[in-house]
Amino acid sequence: MKLTRRETLFIGMGAVVAATVPLPALASVEDAVAAFTGGADVGSGGITLSTPEIAENGNTVPVEVSAPGAVSIMLLAAGNPNPDVGTFNFGPLAASQTASTRIRLAGTQDVVAVAKMADGSFVRTANEVKVTIGGCGG
Amino acid sequence: MADGVKPRVKVPKTASAGEAVTIKTLISHQMESGQRKDKEGNTIPRSIINRFVVDFNGQNVIDVTLEPAISTNPYFEFEAIVPESGDFTFTWYDDDGSVYEETKSVEVS
């Protein structure tokens, strides 16, 4: 089979797209969400995730997550080698279902938060964070 | 890994009954992610704090599961209700089995 110049270009572009879109990472985020929810439907709204739009240093990115009425909130970073970031479980003496922490991000990616509500339903939200210098060593 | 691990906690000394107080915690810990390599190219083994629990007079406030994506010197800020005078206990669980504890008293006036 002989490729024309145009076909060669298309194949090249396809390879570039395949290389930039981290498909396995996205799949593992969905796996992690499914493990957290047990396969239940995930709605939206009622959960707020505050992240910086641009993080200069991926080693320490401040995030705050808030979901009134939640019993637990899971944080995920879609583009990290391991998407799990942490899970907050709120006890009876938690005044608000809000927590702040600092996380590592390997590069520009989506940060995902999934909350389990007291009635057993789930909501999720995601924010994109642009990272200037990644934070996973190497 | 128990070198230089020092918990620091900020809790108000007094509160009114039922008041929501903001608590800030930080513990110095390198949180080695298990992703980094040393000069010879060997992977540095993971060594992190994997769990952080806060209780007030035995009742749970927050229980956090930490993964390697939590930054060095893990910092947490959250709010707790103070129903009566008592003690907040903060407990960090290290991968190597060490447990770091800190206690802060709150007086209800």
# chains A, B, ... in the order shown; residues from 1 in each chain; ligands from 1

call {"tool": "select_by_dssp", "arguments": {"residues": "chain B", "states": "strand (DSSP E)", "output": "ChimeraX atom specification"}}
result
/B:7-10,14-15,19-27,49-56,59-66,75-82,86-94,99-108

call {"tool": "interface_residues", "arguments": {"of": "chain B", "to": "chain A", "cutoff": "7 Å", "atoms": "only C-alpha atoms", "output": "PDB file with all heavy atoms, in the first residue's frame"}}
result
ATOM      1  N   ALA B  20     -18.954  26.472  66.034  1.00  0.00           N
ATOM      2  CA  ALA B  20     -18.110  25.824  65.033  1.00  0.00           C
ATOM      3  C   ALA B  20     -16.753  26.505  65.033  1.00  0.00           C
ATOM      4  O   ALA B  20     -16.666  27.716  64.857  1.00  0.00           O
ATOM      5  CB  ALA B  20     -18.758  25.937  63.656  1.00  0.00           C
ATOM      6  N   GLN B  35       7.199   7.429  43.655  1.00  0.00           N
ATOM      7  CA  GLN B  35       7.330   7.659  42.215  1.00  0.00           C
ATOM      8  C   GLN B  35       8.718   8.181  41.877  1.00  0.00           C
ATOM      9  O   GLN B  35       9.158   8.092  40.731  1.00  0.00           O
ATOM     10  CB  GLN B  35       6.306   8.703  41.731  1.00  0.00           C
ATOM     11  CG  GLN B  35       4.872   8.319  41.969  1.00  0.00           C
ATOM     12  CD  GLN B  35       4.371   7.347  40.927  1.00  0.00           C
ATOM     13  OE1 GLN B  35       5.008   7.143  39.906  1.00  0.00           O
ATOM     14  NE2 GLN B  35       3.239   6.725  41.207  1.00  0.00           N
ATOM     15  N   ARG B  36       9.395   8.744  42.865  1.00  0.00           N
ATOM     16  CA  ARG B  36      10.674   9.393  42.569  1.00  0.00           C
ATOM     17  C   ARG B  36      11.798   8.372  42.482  1.00  0.00           C
ATOM     18  O   ARG B  36      11.731   7.291  43.049  1.00  0.00           O
ATOM     19  CB  ARG B  36      10.997  10.407  43.670  1.00  0.00           C
ATOM     20  CG  ARG B  36       9.987  11.518  43.764  1.00  0.00           C
ATOM     21  CD  ARG B  36      10.524  12.715  44.479  1.00  0.00           C
ATOM     22  NE  ARG B  36      11.094  12.384  45.770  1.00  0.00           N
ATOM     23  CZ  ARG B  36      12.016  13.120  46.370  1.00  0.00           C
ATOM     24  NH1 ARG B  36      12.465  14.212  45.781  1.00  0.00           N
ATOM     25  NH2 ARG B  36      12.472  12.785  47.560  1.00  0.00           N
ATOM     26  N   LYS B  37      12.859   8.780  41.789  1.00  0.00           N
ATOM     27  CA  LYS B  37      14.030   7.907  41.679  1.00  0.00           C
ATOM     28  C   LYS B  37      15.242   8.638  42.242  1.00  0.00           C
ATOM     29  O   LYS B  37      15.332   9.857  42.177  1.00  0.00           O
ATOM     30  CB  LYS B  37      14.284   7.556  40.212  1.00  0.00           C
ATOM     31  CG  LYS B  37      13.151   6.742  39.614  1.00  0.00           C
ATOM     32  CD  LYS B  37      13.593   6.057  38.355  1.00  0.00           C
ATOM     33  CE  LYS B  37      12.623   5.003  37.900  1.00  0.00           C
ATOM     34  NZ  LYS B  37      11.393   5.536  37.355  1.00  0.00           N
ATOM     35  N   GLN B  59     -15.641  11.423  70.170  1.00  0.00           N
ATOM     36  CA  GLN B  59     -16.539  11.457  69.016  1.00  0.00           C
ATOM     37  C   GLN B  59     -15.777  11.928  67.792  1.00  0.00           C
ATOM     38  O   GLN B  59     -14.992  12.878  67.868  1.00  0.00           O
ATOM     39  CB  GLN B  59     -17.716  12.396  69.288  1.00  0.00           C
ATOM     40  CG  GLN B  59     -18.888  11.705  69.937  1.00  0.00           C
ATOM     41  CD  GLN B  59     -20.175  12.448  69.651  1.00  0.00           C
ATOM     42  OE1 GLN B  59     -20.351  13.579  70.099  1.00  0.00           O
ATOM     43  NE2 GLN B  59     -21.055  11.852  68.880  1.00  0.00           N
ATOM     44  N   ASN B  60     -16.036  11.304  66.667  1.00  0.00           N
ATOM     45  CA  ASN B  60     -15.250  11.579  65.472  1.00  0.00           C
ATOM     46  C   ASN B  60     -15.620  12.916  64.836  1.00  0.00           C
ATOM     47  O   ASN B  60     -16.788  13.282  64.762  1.00  0.00           O
ATOM     48  CB  ASN B  60     -15.448  10.453  64.457  1.00  0.00           C
ATOM     49  CG  ASN B  60     -14.588  10.638  63.224  1.00  0.00           C
ATOM     50  OD1 ASN B  60     -15.082  10.841  62.142  1.00  0.00           O
ATOM     51  ND2 ASN B  60     -13.278  10.599  63.418  1.00  0.00           N
ATOM     52  N   VAL B  61     -14.606  13.646  64.415  1.00  0.00           N
ATOM     53  CA  VAL B  61     -14.801  14.887  63.674  1.00  0.00           C
ATOM     54  C   VAL B  61     -14.516  14.646  62.197  1.00  0.00           C
ATOM     55  O   VAL B  61     -15.342  14.921  61.327  1.00  0.00           O
ATOM     56  CB  VAL B  61     -13.884  16.015  64.204  1.00  0.00           C
ATOM     57  CG1 VAL B  61     -14.060  17.276  63.380  1.00  0.00           C
ATOM     58  CG2 VAL B  61     -14.170  16.290  65.662  1.00  0.00           C
ATOM     59  N   ILE B  62     -13.335  14.139  61.901  1.00  0.00           N
ATOM     60  CA  ILE B  62     -12.976  13.891  60.512  1.00  0.00           C
ATOM     61  C   ILE B  62     -11.975  12.742  60.476  1.00  0.00           C
ATOM     62  O   ILE B  62     -11.198  12.550  61.416  1.00  0.00           O
ATOM     63  CB  ILE B  62     -12.429  15.180  59.840  1.00  0.00           C
ATOM     64  CG1 ILE B  62     -12.371  15.039  58.308  1.00  0.00           C
ATOM     65  CG2 ILE B  62     -11.067  15.558  60.385  1.00  0.00           C
ATOM     66  CD1 ILE B  62     -12.123  16.371  57.604  1.00  0.00           C
ATOM     67  N   ASP B  63     -12.061  11.979  59.405  1.00  0.00           N
ATOM     68  CA  ASP B  63     -11.185  10.820  59.216  1.00  0.00           C
ATOM     69  C   ASP B  63     -10.743  10.879  57.757  1.00  0.00           C
ATOM     70  O   ASP B  63     -11.549  10.741  56.858  1.00  0.00           O
ATOM     71  CB  ASP B  63     -11.986   9.548  59.515  1.00  0.00           C
ATOM     72  CG  ASP B  63     -11.135   8.292  59.400  1.00  0.00           C
ATOM     73  OD1 ASP B  63     -10.085   8.348  58.744  1.00  0.00           O
ATOM     74  OD2 ASP B  63     -11.550   7.256  59.953  1.00  0.00           O
ATOM     75  N   VAL B  64      -9.473  11.136  57.535  1.00  0.00           N
ATOM     76  CA  VAL B  64      -8.979  11.369  56.184  1.00  0.00           C
ATOM     77  C   VAL B  64      -8.082  10.213  55.765  1.00  0.00           C
ATOM     78  O   VAL B  64      -7.208   9.798  56.526  1.00  0.00           O
ATOM     79  CB  VAL B  64      -8.176  12.690  56.113  1.00  0.00           C
ATOM     80  CG1 VAL B  64      -7.792  12.990  54.669  1.00  0.00           C
ATOM     81  CG2 VAL B  64      -8.959  13.827  56.709  1.00  0.00           C
ATOM     82  N   THR B  65      -8.320   9.706  54.562  1.00  0.00           N
ATOM     83  CA  THR B  65      -7.421   8.725  53.958  1.00  0.00           C
ATOM     84  C   THR B  65      -6.482   9.474  53.033  1.00  0.00           C
ATOM     85  O   THR B  65      -6.936  10.205  52.155  1.00  0.00           O
ATOM     86  CB  THR B  65      -8.228   7.696  53.153  1.00  0.00           C
ATOM     87  OG1 THR B  65      -9.269   7.212  53.973  1.00  0.00           O
ATOM     88  CG2 THR B  65      -7.351   6.558  52.693  1.00  0.00           C
ATOM     89  N   LEU B  66      -5.180   9.307  53.235  1.00  0.00           N
ATOM     90  CA  LEU B  66      -4.207  10.043  52.426  1.00  0.00           C
ATOM     91  C   LEU B  66      -3.561   9.103  51.416  1.00  0.00           C
ATOM     92  O   LEU B  66      -3.263   7.958  51.734  1.00  0.00           O
ATOM     93  CB  LEU B  66      -3.107  10.645  53.313  1.00  0.00           C
ATOM     94  CG  LEU B  66      -3.465  11.851  54.172  1.00  0.00           C
ATOM     95  CD1 LEU B  66      -4.235  11.425  55.405  1.00  0.00           C
ATOM     96  CD2 LEU B  66      -2.212  12.577  54.590  1.00  0.00           C
ATOM     97  N   GLU B  67      -3.340   9.617  50.227  1.00  0.00           N
ATOM     98  CA  GLU B  67      -2.637   8.877  49.180  1.00  0.00           C
ATOM     99  C   GLU B  67      -1.340   9.627  48.879  1.00  0.00           C
ATOM    100  O   GLU B  67      -1.143  10.742  49.346  1.00  0.00           O
ATOM    101  CB  GLU B  67      -3.518   8.803  47.919  1.00  0.00           C
ATOM    102  CG  GLU B  67      -4.867   8.150  48.135  1.00  0.00           C
ATOM    103  CD  GLU B  67      -4.800   6.649  48.326  1.00  0.00           C
ATOM    104  OE1 GLU B  67      -3.745   6.057  48.033  1.00  0.00           O
ATOM    105  OE2 GLU B  67      -5.792   6.074  48.785  1.00  0.00           O
ATOM    106  N   PRO B  68      -0.453   9.036  48.063  1.00  0.00           N
ATOM    107  CA  PRO B  68       0.819   9.723  47.788  1.00  0.00           C
ATOM    108  C   PRO B  68       0.655  11.099  47.133  1.00  0.00           C
ATOM    109  O   PRO B  68       1.604  11.878  47.130  1.00  0.00           O
ATOM    110  CB  PRO B  68       1.536   8.759  46.831  1.00  0.00           C
ATOM    111  CG  PRO B  68       0.962   7.436  47.139  1.00  0.00           C
ATOM    112  CD  PRO B  68      -0.459   7.673  47.507  1.00  0.00           C
ATOM    113  N   ALA B  69      -0.501  11.409  46.601  1.00  0.00           N
ATOM    114  CA  ALA B  69      -0.685  12.711  45.946  1.00  0.00           C
ATOM    115  C   ALA B  69      -0.904  13.850  46.937  1.00  0.00           C
ATOM    116  O   ALA B  69      -1.084  14.987  46.522  1.00  0.00           O
ATOM    117  CB  ALA B  69      -1.856  12.651  44.970  1.00  0.00           C
ATOM    118  N   ILE B  70      -0.899  13.572  48.231  1.00  0.00           N
ATOM    119  CA  ILE B  70      -0.959  14.655  49.220  1.00  0.00           C
ATOM    120  C   ILE B  70       0.465  15.204  49.385  1.00  0.00           C
ATOM    121  O   ILE B  70       1.430  14.456  49.461  1.00  0.00           O
ATOM    122  CB  ILE B  70      -1.505  14.141  50.567  1.00  0.00           C
ATOM    123  CG1 ILE B  70      -2.922  13.567  50.395  1.00  0.00           C
ATOM    124  CG2 ILE B  70      -1.472  15.229  51.620  1.00  0.00           C
ATOM    125  CD1 ILE B  70      -4.015  14.565  50.215  1.00  0.00           C
ATOM    126  N   SER B  71       0.580  16.542  49.426  1.00  0.00           N
ATOM    127  CA  SER B  71       1.889  17.189  49.419  1.00  0.00           C
ATOM    128  C   SER B  71       2.716  16.867  50.658  1.00  0.00           C
ATOM    129  O   SER B  71       2.187  16.470  51.697  1.00  0.00           O
ATOM    130  CB  SER B  71       1.721  18.697  49.337  1.00  0.00           C
ATOM    131  OG  SER B  71       1.096  19.039  48.136  1.00  0.00           O
ATOM    132  N   PRO B  74       1.786  17.370  55.167  1.00  0.00           N
ATOM    133  CA  PRO B  74       0.349  17.426  54.927  1.00  0.00           C
ATOM    134  C   PRO B  74      -0.370  18.435  55.831  1.00  0.00           C
ATOM    135  O   PRO B  74      -0.188  18.431  57.047  1.00  0.00           O
ATOM    136  CB  PRO B  74      -0.121  16.003  55.214  1.00  0.00           C
ATOM    137  CG  PRO B  74       1.051  15.205  55.522  1.00  0.00           C
ATOM    138  CD  PRO B  74       2.273  16.024  55.443  1.00  0.00           C
ATOM    139  N   TYR B  75      -1.171  19.252  55.177  1.00  0.00           N
ATOM    140  CA  TYR B  75      -1.888  20.330  55.847  1.00  0.00           C
ATOM    141  C   TYR B  75      -3.379  20.090  55.676  1.00  0.00           C
ATOM    142  O   TYR B  75      -3.827  19.746  54.586  1.00  0.00           O
ATOM    143  CB  TYR B  75      -1.478  21.656  55.196  1.00  0.00           C
ATOM    144  CG  TYR B  75      -2.396  22.812  55.440  1.00  0.00           C
ATOM    145  CD1 TYR B  75      -2.271  23.586  56.584  1.00  0.00           C
ATOM    146  CD2 TYR B  75      -3.385  23.152  54.524  1.00  0.00           C
ATOM    147  CE1 TYR B  75      -3.108  24.658  56.803  1.00  0.00           C
ATOM    148  CE2 TYR B  75      -4.225  24.227  54.735  1.00  0.00           C
ATOM    149  CZ  TYR B  75      -4.088  24.976  55.873  1.00  0.00           C
ATOM    150  OH  TYR B  75      -4.930  26.036  56.094  1.00  0.00           O
ATOM    151  N   PHE B  76      -4.148  20.277  56.745  1.00  0.00           N
ATOM    152  CA  PHE B  76      -5.591  20.160  56.648  1.00  0.00           C
ATOM    153  C   PHE B  76      -6.247  21.291  57.412  1.00  0.00           C
ATOM    154  O   PHE B  76      -5.790  21.679  58.483  1.00  0.00           O
ATOM    155  CB  PHE B  76      -6.084  18.821  57.220  1.00  0.00           C
ATOM    156  CG  PHE B  76      -5.669  17.648  56.387  1.00  0.00           C
ATOM    157  CD1 PHE B  76      -4.619  16.846  56.778  1.00  0.00           C
ATOM    158  CD2 PHE B  76      -6.316  17.378  55.196  1.00  0.00           C
ATOM    159  CE1 PHE B  76      -4.214  15.785  55.987  1.00  0.00           C
ATOM    160  CE2 PHE B  76      -5.914  16.320  54.402  1.00  0.00           C
ATOM    161  CZ  PHE B  76      -4.865  15.523  54.800  1.00  0.00           C
ATOM    162  N   GLU B  77      -7.321  21.783  56.851  1.00  0.00           N
ATOM    163  CA  GLU B  77      -8.125  22.787  57.532  1.00  0.00           C
ATOM    164  C   GLU B  77      -9.579  22.347  57.435  1.00  0.00           C
ATOM    165  O   GLU B  77     -10.037  21.939  56.373  1.00  0.00           O
ATOM    166  CB  GLU B  77      -7.932  24.149  56.843  1.00  0.00           C
ATOM    167  CG  GLU B  77      -8.730  25.242  57.517  1.00  0.00           C
ATOM    168  CD  GLU B  77      -8.547  26.603  56.846  1.00  0.00           C
ATOM    169  OE1 GLU B  77      -7.557  26.791  56.127  1.00  0.00           O
ATOM    170  OE2 GLU B  77      -9.434  27.435  57.033  1.00  0.00           O
ATOM    171  N   PHE B  78     -10.292  22.408  58.561  1.00  0.00           N
ATOM    172  CA  PHE B  78     -11.683  21.973  58.576  1.00  0.00           C
ATOM    173  C   PHE B  78     -12.361  22.612  59.780  1.00  0.00           C
ATOM    174  O   PHE B  78     -11.726  23.336  60.548  1.00  0.00           O
ATOM    175  CB  PHE B  78     -11.765  20.437  58.640  1.00  0.00           C
ATOM    176  CG  PHE B  78     -10.914  19.847  59.733  1.00  0.00           C
ATOM    177  CD1 PHE B  78     -11.426  19.648  61.005  1.00  0.00           C
ATOM    178  CD2 PHE B  78      -9.594  19.531  59.487  1.00  0.00           C
ATOM    179  CE1 PHE B  78     -10.633  19.138  62.009  1.00  0.00           C
ATOM    180  CE2 PHE B  78      -8.784  19.016  60.505  1.00  0.00           C
ATOM    181  CZ  PHE B  78      -9.315  18.823  61.758  1.00  0.00           C
ATOM    182  N   GLU B  79     -13.652  22.377  59.923  1.00  0.00           N
ATOM    183  CA  GLU B  79     -14.411  22.978  61.023  1.00  0.00           C
ATOM    184  C   GLU B  79     -15.015  21.890  61.903  1.00  0.00           C
ATOM    185  O   GLU B  79     -15.452  20.856  61.412  1.00  0.00           O
ATOM    186  CB  GLU B  79     -15.534  23.859  60.466  1.00  0.00           C
ATOM    187  CG  GLU B  79     -14.994  25.101  59.796  1.00  0.00           C
ATOM    188  CD  GLU B  79     -16.103  26.008  59.300  1.00  0.00           C
ATOM    189  OE1 GLU B  79     -17.063  25.492  58.707  1.00  0.00           O
ATOM    190  OE2 GLU B  79     -16.006  27.211  59.511  1.00  0.00           O
ATOM    191  N   ALA B  80     -15.043  22.166  63.199  1.00  0.00           N
ATOM    192  CA  ALA B  80     -15.590  21.198  64.148  1.00  0.00           C
ATOM    193  C   ALA B  80     -16.533  21.910  65.109  1.00  0.00           C
ATOM    194  O   ALA B  80     -16.370  23.093  65.389  1.00  0.00           O
ATOM    195  CB  ALA B  80     -14.470  20.529  64.929  1.00  0.00           C
ATOM    196  N   ILE B  81     -17.515  21.163  65.610  1.00  0.00           N
ATOM    197  CA  ILE B  81     -18.440  21.696  66.617  1.00  0.00           C
ATOM    198  C   ILE B  81     -17.896  21.347  68.001  1.00  0.00           C
ATOM    199  O   ILE B  81     -17.408  20.234  68.223  1.00  0.00           O
ATOM    200  CB  ILE B  81     -19.840  21.077  66.430  1.00  0.00           C
ATOM    201  CG1 ILE B  81     -20.426  21.512  65.088  1.00  0.00           C
ATOM    202  CG2 ILE B  81     -20.760  21.489  67.567  1.00  0.00           C
ATOM    203  CD1 ILE B  81     -21.675  20.776  64.702  1.00  0.00           C
TER     204      ILE B  81
END

call {"tool": "closest_residue", "arguments": {"among": "A:Thr132, A:Thr8, A:Ser28, A:Thr48", "to": "A:Val114", "atoms": "only C-alpha atoms"}}
result
A:Thr48

call {"tool": "residues_around", "arguments": {"residues": "B:Val9", "least_positions_apart": "3", "cutoff": "12 Å", "atoms": "only C-alpha atoms", "output": "CSV table (one decimal) with N, CA, C and O atoms, in the first residue's frame"}}
result
chain,number,residue,atom,x,y,z
B,6,LYS,N,6.9,16.4,63.2
B,6,LYS,CA,6.4,17.3,64.3
B,6,LYS,C,5.0,17.8,63.9
B,6,LYS,O,4.9,18.5,63.0
B,12,PRO,N,-8.6,27.1,68.7
B,12,PRO,CA,-8.9,28.2,69.7
B,12,PRO,C,-9.0,27.6,71.1
B,12,PRO,O,-9.4,26.5,71.3
B,13,LYS,N,-8.5,28.4,72.1
B,13,LYS,CA,-8.5,27.9,73.5
B,13,LYS,C,-9.8,27.9,74.1
B,13,LYS,O,-10.1,27.0,75.0
B,22,THR,N,-12.7,26.6,63.6
B,22,THR,CA,-11.8,26.2,62.5
B,22,THR,C,-10.6,25.7,63.1
B,22,THR,O,-10.0,26.3,63.9
B,23,ILE,N,-10.2,24.5,62.6
B,23,ILE,CA,-9.0,23.9,63.0
B,23,ILE,C,-8.0,23.7,61.9
B,23,ILE,O,-8.4,23.4,60.8
B,24,LYS,N,-6.7,24.1,62.1
B,24,LYS,CA,-5.7,24.0,61.1
B,24,LYS,C,-4.7,23.0,61.6
B,24,LYS,O,-4.2,23.2,62.7
B,25,THR,N,-4.3,22.0,60.8
B,25,THR,CA,-3.2,21.1,61.3
B,25,THR,C,-2.2,21.0,60.2
B,25,THR,O,-2.5,21.1,59.0
B,26,LEU,N,-1.0,20.7,60.6
B,26,LEU,CA,0.1,20.5,59.7
B,26,LEU,C,1.1,19.6,60.4
B,26,LEU,O,1.3,19.7,61.6
B,27,ILE,N,1.6,18.6,59.7
B,27,ILE,CA,2.6,17.7,60.3
B,27,ILE,C,3.8,17.7,59.3
B,27,ILE,O,3.6,17.5,58.1
B,28,SER,N,5.0,17.9,59.9
B,28,SER,CA,6.2,17.8,59.0
B,28,SER,C,6.5,16.4,58.7
B,28,SER,O,6.7,15.6,59.6
B,54,VAL,N,-9.3,12.9,63.6
B,54,VAL,CA,-9.5,13.9,64.6
B,54,VAL,C,-10.8,13.5,65.4
B,54,VAL,O,-11.8,13.2,64.8
B,74,PRO,N,1.8,17.4,55.2
B,74,PRO,CA,0.3,17.4,54.9
B,74,PRO,C,-0.4,18.4,55.8
B,74,PRO,O,-0.2,18.4,57.0
B,75,TYR,N,-1.2,19.3,55.2
B,75,TYR,CA,-1.9,20.3,55.8
B,75,TYR,C,-3.4,20.1,55.7
B,75,TYR,O,-3.8,19.7,54.6
B,76,PHE,N,-4.1,20.3,56.7
B,76,PHE,CA,-5.6,20.2,56.6
B,76,PHE,C,-6.2,21.3,57.4
B,76,PHE,O,-5.8,21.7,58.5
B,77,GLU,N,-7.3,21.8,56.9
B,77,GLU,CA,-8.1,22.8,57.5
B,77,GLU,C,-9.6,22.3,57.4
B,77,GLU,O,-10.0,21.9,56.4
B,78,PHE,N,-10.3,22.4,58.6
B,78,PHE,CA,-11.7,22.0,58.6
B,78,PHE,C,-12.4,22.6,59.8
B,78,PHE,O,-11.7,23.3,60.5
B,88,PHE,N,-9.5,17.8,72.0
B,88,PHE,CA,-9.4,17.3,70.6
B,88,PHE,C,-8.1,16.4,70.6
B,88,PHE,O,-7.1,16.8,71.0
B,89,THR,N,-8.3,15.2,70.0
B,89,THR,CA,-7.1,14.4,69.8
B,89,THR,C,-6.9,14.2,68.3
B,89,THR,O,-7.8,14.0,67.5
B,90,PHE,N,-5.6,14.4,67.9
B,90,PHE,CA,-5.3,14.3,66.5
B,90,PHE,C,-4.3,13.2,66.4
B,90,PHE,O,-3.4,13.1,67.1
B,91,THR,N,-4.6,12.3,65.4
B,91,THR,CA,-3.7,11.1,65.3
B,91,THR,C,-3.4,10.9,63.8
B,91,THR,O,-4.2,11.0,62.9
B,101,GLU,N,0.7,11.6,67.8
B,101,GLU,CA,-0.5,12.1,68.4
B,101,GLU,C,-0.3,13.5,69.0
B,101,GLU,O,0.8,13.9,69.3
B,102,GLU,N,-1.4,14.2,69.0
B,102,GLU,CA,-1.4,15.6,69.6
B,102,GLU,C,-2.7,15.8,70.2
B,102,GLU,O,-3.7,15.3,69.7
B,103,THR,N,-2.7,16.5,71.4
B,103,THR,CA,-4.0,16.8,72.0
B,103,THR,C,-4.1,18.3,72.3
B,103,THR,O,-3.1,18.9,72.7
B,104,LYS,N,-5.3,18.8,72.1
B,104,LYS,CA,-5.5,20.2,72.4
B,104,LYS,C,-6.8,20.3,73.2
B,104,LYS,O,-7.8,19.7,72.8
B,105,SER,N,-6.8,21.1,74.3
B,105,SER,CA,-8.0,21.3,75.1
B,105,SER,C,-8.7,22.6,74.7
B,105,SER,O,-8.1,23.6,74.3

call {"tool": "residues_around", "arguments": {"residues": "B:Val5", "least_positions_apart": "2", "cutoff": "12 Å", "atoms": "only C-alpha atoms", "output": "list of chain:residue names"}}
result
B:Met1, B:Ala2, B:Asp3, B:Pro7, B:Arg8, B:Leu26, B:Ile27, B:Ser28, B:His29, B:Gln30, B:Met31, B:Ile48, B:Ile49, B:Thr72, B:Asn73, B:Pro74, B:Trp92, B:Tyr93, B:Asp94, B:Ser98, B:Val99, B:Tyr100, B:Glu101, B:Glu102

call {"tool": "residues_around", "arguments": {"residues": "A:Ala70", "least_positions_apart": "6", "cutoff": "9 Å", "atoms": "only C-alpha atoms", "output": "count of residues only"}}
result
10

call {"tool": "residues_around", "arguments": {"residues": "B:Gly18", "least_positions_apart": "6", "cutoff": "8 Å", "atoms": "only C-alpha atoms", "output": "PDB file with N, CA and C atoms, in the first residue's frame"}}
result
ATOM      1  N   ILE B  81     -17.515  21.163  65.610  1.00  0.00           N
ATOM      2  CA  ILE B  81     -18.440  21.696  66.617  1.00  0.00           C
ATOM      3  C   ILE B  81     -17.896  21.347  68.001  1.00  0.00           C
ATOM      4  N   VAL B  82     -17.979  22.325  68.906  1.00  0.00           N
ATOM      5  CA  VAL B  82     -17.519  22.092  70.276  1.00  0.00           C
ATOM      6  C   VAL B  82     -18.749  22.107  71.183  1.00  0.00           C
ATOM      7  N   PRO B  83     -19.288  20.920  71.535  1.00  0.00           N
ATOM      8  CA  PRO B  83     -20.499  20.905  72.363  1.00  0.00           C
ATOM      9  C   PRO B  83     -20.215  21.182  73.835  1.00  0.00           C
ATOM     10  N   GLU B  84     -19.041  20.818  74.323  1.00  0.00           N
ATOM     11  CA  GLU B  84     -18.702  21.031  75.732  1.00  0.00           C
ATOM     12  C   GLU B  84     -17.186  21.159  75.839  1.00  0.00           C
TER      13      GLU B  84
END

call {"tool": "closest_residue", "arguments": {"among": "B:Val21, B:Ala15, B:Ile44, B:Val53", "to": "B:Val108", "atoms": "only C-alpha atoms"}}
result
B:Ala15

call {"tool": "residues_around", "arguments": {"residues": "A:Asn127", "least_positions_apart": "2", "cutoff": "10 Å", "atoms": "only C-alpha atoms", "output": "PyMOL selection string"}}
result
chain A and resi 48-53+77+109-113+125+129-130

call {"tool": "write_last_selection", "arguments": {"atoms": "N, CA, C and O atoms", "output": "compact mmCIF listing (two decimals), in the first residue's frame"}}
result
# COMPACT_ATOMS: atom_id res chain seq x y z
N THR A 48 -18.77 21.90 45.86
CA THR A 48 -17.93 22.99 45.38
C THR A 48 -16.48 22.60 45.55
O THR A 48 -16.07 22.18 46.62
N LEU A 49 -15.73 22.75 44.48
CA LEU A 49 -14.30 22.45 44.52
C LEU A 49 -13.58 23.74 44.16
O LEU A 49 -13.81 24.31 43.10
N SER A 50 -12.73 24.22 45.06
CA SER A 50 -11.96 25.45 44.78
C SER A 50 -10.52 25.06 44.52
O SER A 50 -9.87 24.47 45.38
N THR A 51 -10.05 25.40 43.34
CA THR A 51 -8.66 25.14 42.99
C THR A 51 -8.12 26.39 42.31
O THR A 51 -8.89 27.17 41.77
N PRO A 52 -6.82 26.58 42.34
CA PRO A 52 -6.27 27.69 41.58
C PRO A 52 -6.39 27.40 40.09
O PRO A 52 -6.34 26.23 39.69
N GLU A 53 -6.57 28.44 39.28
CA GLU A 53 -6.66 28.21 37.84
C GLU A 53 -5.30 27.78 37.30
O GLU A 53 -5.19 26.90 36.48
N ALA A 77 -7.10 13.05 41.04
CA ALA A 77 -6.36 13.84 40.06
C ALA A 77 -6.21 12.99 38.81
O ALA A 77 -5.51 11.99 38.82
N GLN A 109 -4.14 19.20 34.41
CA GLN A 109 -5.11 18.11 34.43
C GLN A 109 -6.37 18.53 35.18
O GLN A 109 -6.44 19.61 35.73
N ASP A 110 -7.35 17.63 35.17
CA ASP A 110 -8.59 17.85 35.91
C ASP A 110 -8.45 17.28 37.31
O ASP A 110 -7.93 16.19 37.49
N VAL A 111 -8.95 18.05 38.29
CA VAL A 111 -9.09 17.53 39.65
C VAL A 111 -10.56 17.22 39.84
O VAL A 111 -11.42 18.06 39.54
N VAL A 112 -10.87 16.01 40.28
CA VAL A 112 -12.25 15.55 40.39
C VAL A 112 -12.59 15.35 41.86
O VAL A 112 -11.76 14.83 42.61
N ALA A 113 -13.78 15.78 42.26
CA ALA A 113 -14.25 15.53 43.62
C ALA A 113 -15.59 14.81 43.52
O ALA A 113 -16.46 15.21 42.74
N THR A 125 -17.87 16.84 40.77
CA THR A 125 -17.52 18.04 40.05
C THR A 125 -16.05 17.91 39.66
O THR A 125 -15.33 17.07 40.18
N VAL A 129 -6.80 22.37 36.40
CA VAL A 129 -5.71 23.15 36.98
C VAL A 129 -4.55 23.11 36.00
O VAL A 129 -4.13 22.03 35.57
N LYS A 130 -4.06 24.30 35.65
CA LYS A 130 -2.89 24.35 34.77
C LYS A 130 -1.64 24.37 35.65
O LYS A 130 -1.53 25.21 36.54
